[in-house]
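Q: One file: coords_2.txt (compact mmCIF, N, CA and C atoms).
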```
# COMPACT_ATOMS: atom_id res chain seq x y z
N MET J 96 4.55 1.46 1.34
CA MET J 96 4.61 1.72 -0.08
C MET J 96 3.77 0.67 -0.82
N ASN J 97 3.08 1.15 -1.81
CA ASN J 97 2.28 0.21 -2.59
C ASN J 97 3.02 -0.17 -3.88
N ASP J 98 2.41 -1.08 -4.61
CA ASP J 98 3.05 -1.59 -5.83
C ASP J 98 3.27 -0.51 -6.88
N ILE J 99 2.33 0.42 -6.97
CA ILE J 99 2.45 1.48 -7.98
C ILE J 99 3.67 2.35 -7.69
N THR J 100 3.84 2.72 -6.43
CA THR J 100 4.99 3.54 -6.04
C THR J 100 6.30 2.81 -6.30
N LEU J 101 6.33 1.52 -5.95
CA LEU J 101 7.54 0.74 -6.16
C LEU J 101 7.88 0.61 -7.64
N LEU J 102 6.87 0.40 -8.47
CA LEU J 102 7.11 0.30 -9.91
C LEU J 102 7.61 1.62 -10.49
N LYS J 103 7.06 2.73 -10.02
CA LYS J 103 7.51 4.04 -10.50
C LYS J 103 8.98 4.27 -10.14
N GLU J 104 9.37 3.86 -8.92
CA GLU J 104 10.77 3.99 -8.51
C GLU J 104 11.67 3.09 -9.35
N GLU J 105 11.22 1.88 -9.62
CA GLU J 105 12.00 0.94 -10.43
C GLU J 105 12.16 1.46 -11.85
N ILE J 106 11.11 2.01 -12.42
CA ILE J 106 11.17 2.57 -13.77
C ILE J 106 12.16 3.73 -13.82
N ALA J 107 12.12 4.59 -12.80
CA ALA J 107 13.05 5.72 -12.75
C ALA J 107 14.50 5.24 -12.68
N GLU J 108 14.76 4.21 -11.89
CA GLU J 108 16.12 3.66 -11.77
C GLU J 108 16.56 3.03 -13.09
N LEU J 109 15.67 2.31 -13.75
CA LEU J 109 16.01 1.69 -15.03
C LEU J 109 16.30 2.75 -16.09
N GLU J 110 15.51 3.82 -16.10
CA GLU J 110 15.75 4.90 -17.06
C GLU J 110 17.10 5.59 -16.78
N ALA J 111 17.46 5.71 -15.51
CA ALA J 111 18.77 6.29 -15.17
C ALA J 111 19.90 5.37 -15.65
N GLN J 112 19.72 4.06 -15.50
CA GLN J 112 20.73 3.12 -16.00
C GLN J 112 20.85 3.21 -17.52
N ILE J 113 19.74 3.31 -18.20
CA ILE J 113 19.76 3.43 -19.67
C ILE J 113 20.52 4.68 -20.08
N THR J 114 20.25 5.79 -19.40
CA THR J 114 20.93 7.05 -19.70
C THR J 114 22.43 6.93 -19.47
N ARG J 115 22.82 6.29 -18.35
CA ARG J 115 24.25 6.13 -18.06
C ARG J 115 24.95 5.26 -19.11
N ILE J 116 24.30 4.19 -19.51
CA ILE J 116 24.91 3.30 -20.51
C ILE J 116 25.05 4.02 -21.85
N LYS J 117 23.99 4.72 -22.26
CA LYS J 117 24.06 5.46 -23.53
C LYS J 117 25.15 6.53 -23.48
N GLY J 118 25.30 7.18 -22.33
CA GLY J 118 26.31 8.21 -22.19
C GLY J 118 27.73 7.68 -22.20
N SER J 119 27.90 6.44 -21.77
CA SER J 119 29.24 5.87 -21.70
C SER J 119 29.68 5.20 -23.00
N MET J 120 28.77 5.11 -23.95
CA MET J 120 29.12 4.48 -25.23
C MET J 120 29.82 5.50 -26.11
N GLY J 121 30.98 5.13 -26.61
CA GLY J 121 31.72 6.02 -27.50
C GLY J 121 31.27 5.81 -28.93
N LYS J 122 32.12 6.25 -29.84
CA LYS J 122 31.80 6.09 -31.25
C LYS J 122 31.81 4.63 -31.66
N ALA J 123 32.72 3.86 -31.07
CA ALA J 123 32.77 2.42 -31.37
C ALA J 123 31.73 1.73 -30.48
N ASP J 124 30.78 1.05 -31.10
CA ASP J 124 29.75 0.37 -30.33
C ASP J 124 30.35 -0.78 -29.54
N ASN J 125 29.94 -0.87 -28.31
CA ASN J 125 30.40 -1.93 -27.45
C ASN J 125 29.29 -2.97 -27.37
N GLY J 126 29.55 -4.19 -27.83
CA GLY J 126 28.54 -5.24 -27.89
C GLY J 126 27.95 -5.58 -26.54
N VAL J 127 28.78 -5.58 -25.50
CA VAL J 127 28.29 -5.91 -24.16
C VAL J 127 27.32 -4.83 -23.69
N LYS J 128 27.68 -3.58 -23.92
CA LYS J 128 26.80 -2.49 -23.50
C LYS J 128 25.50 -2.49 -24.30
N LEU J 129 25.58 -2.80 -25.58
CA LEU J 129 24.37 -2.87 -26.39
C LEU J 129 23.43 -3.96 -25.89
N HIS J 130 24.00 -5.11 -25.53
CA HIS J 130 23.19 -6.21 -25.00
C HIS J 130 22.57 -5.81 -23.66
N LYS J 131 23.35 -5.22 -22.78
CA LYS J 131 22.86 -4.79 -21.49
C LYS J 131 21.76 -3.74 -21.66
N LEU J 132 21.95 -2.83 -22.60
CA LEU J 132 20.96 -1.80 -22.88
C LEU J 132 19.65 -2.43 -23.36
N ALA J 133 19.73 -3.44 -24.21
CA ALA J 133 18.53 -4.11 -24.70
C ALA J 133 17.78 -4.81 -23.57
N VAL J 134 18.52 -5.47 -22.69
CA VAL J 134 17.89 -6.18 -21.57
C VAL J 134 17.22 -5.19 -20.62
N ILE J 135 17.90 -4.12 -20.28
CA ILE J 135 17.34 -3.13 -19.35
C ILE J 135 16.13 -2.44 -19.97
N THR J 136 16.19 -2.17 -21.26
CA THR J 136 15.07 -1.53 -21.94
C THR J 136 13.84 -2.44 -21.94
N ARG J 137 14.04 -3.74 -22.19
CA ARG J 137 12.91 -4.67 -22.14
C ARG J 137 12.31 -4.74 -20.74
N LEU J 138 13.16 -4.76 -19.73
CA LEU J 138 12.69 -4.80 -18.35
C LEU J 138 11.90 -3.54 -18.01
N ARG J 139 12.41 -2.37 -18.44
CA ARG J 139 11.69 -1.12 -18.21
C ARG J 139 10.33 -1.14 -18.89
N ASP J 140 10.28 -1.64 -20.12
CA ASP J 140 9.01 -1.70 -20.85
C ASP J 140 8.00 -2.62 -20.15
N ARG J 141 8.49 -3.75 -19.60
CA ARG J 141 7.60 -4.64 -18.84
C ARG J 141 7.08 -3.95 -17.59
N CYS J 142 7.93 -3.20 -16.92
CA CYS J 142 7.52 -2.47 -15.72
C CYS J 142 6.48 -1.41 -16.07
N VAL J 143 6.66 -0.72 -17.18
CA VAL J 143 5.70 0.30 -17.61
C VAL J 143 4.35 -0.34 -17.91
N ARG J 144 4.36 -1.49 -18.58
CA ARG J 144 3.09 -2.19 -18.86
C ARG J 144 2.42 -2.65 -17.57
N SER J 145 3.20 -3.16 -16.63
CA SER J 145 2.64 -3.58 -15.34
C SER J 145 2.05 -2.41 -14.59
N LEU J 146 2.74 -1.28 -14.62
CA LEU J 146 2.24 -0.08 -13.96
C LEU J 146 0.92 0.36 -14.58
N ALA J 147 0.84 0.35 -15.89
CA ALA J 147 -0.40 0.73 -16.57
C ALA J 147 -1.54 -0.21 -16.19
N ASN J 148 -1.26 -1.50 -16.11
CA ASN J 148 -2.29 -2.47 -15.72
C ASN J 148 -2.77 -2.22 -14.30
N LEU J 149 -1.84 -1.96 -13.38
CA LEU J 149 -2.22 -1.68 -11.99
C LEU J 149 -3.05 -0.41 -11.89
N GLU J 150 -2.65 0.62 -12.61
CA GLU J 150 -3.39 1.88 -12.57
C GLU J 150 -4.78 1.72 -13.18
N ASN J 151 -4.90 0.91 -14.24
CA ASN J 151 -6.21 0.67 -14.85
C ASN J 151 -7.13 -0.10 -13.89
N ARG J 152 -6.56 -1.10 -13.21
CA ARG J 152 -7.37 -1.86 -12.24
C ARG J 152 -7.79 -0.96 -11.09
N ARG J 153 -6.89 -0.10 -10.67
CA ARG J 153 -7.20 0.80 -9.55
C ARG J 153 -8.29 1.80 -9.96
N ALA J 154 -8.23 2.28 -11.19
CA ALA J 154 -9.21 3.24 -11.66
C ALA J 154 -10.59 2.61 -11.83
N SER J 155 -10.61 1.35 -12.23
CA SER J 155 -11.90 0.69 -12.46
C SER J 155 -12.52 0.15 -11.18
N ALA J 156 -11.77 0.10 -10.11
CA ALA J 156 -12.30 -0.44 -8.85
C ALA J 156 -13.13 0.58 -8.11
```
Go through the file and emit its structure as structure tokens.

A:
Amino acid sequence: MNDITLLKEEIAELEAQITRIKGSMGKADNGVKLHKLAVITRLRDRCVRSLANLENRRASA
């Protein structure tokens, strides 16, 4: 497996975690879940940027 494949799998897992957390939040906001959601979202965004950089380098090579 190469880095691009691994990043795509990691992004998919992070998006699944985000969906599960959002689904488990009731009407009353849970501060812990909101914090966890923010951290996972930032991590997913970093992975997406890294994936884009790898794909750009691969395309230009």

Q: Calculated over only C-alpha atoms, which of the candidates J:Arg153, J:Lys128, J:Arg144, J:Arg139 has the smallest distance to J:Arg115?

A: J:Lys128

Q: Just the number, please: distance in Å from atom C of J:Glu104 to atom C of J:Val127, one decimal.

A: 22.7 Å

Q: Rounded to one decimal in Å, what is the spacing between atom N of J:Leu149 and atom N of J:Thr136?

A: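 Atom N of J:Thr136 lies at a distance of 19.7 Å from atom N of J:Leu149.
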
Q: Any idea what the distance is between atom CA of J:Lys117 and atom N of J:Leu129?

A: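 Straight-line distance from atom CA of J:Lys117 to atom N of J:Leu129 works out to 8.6 Å.
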
Q: Given the point (14.4, -3.5, -14.3) in the file's coordinates, find the residues that have an atom at most 8 Å from it, counting only N, CA and C atoms, and give them as a list in words.

A: Glu105, Ile106, Glu108, Leu109, Glu110, Val134, Ile135, Thr136, Arg137, Leu138, Arg139, Asp140, Arg141 and Cys142 of chain J
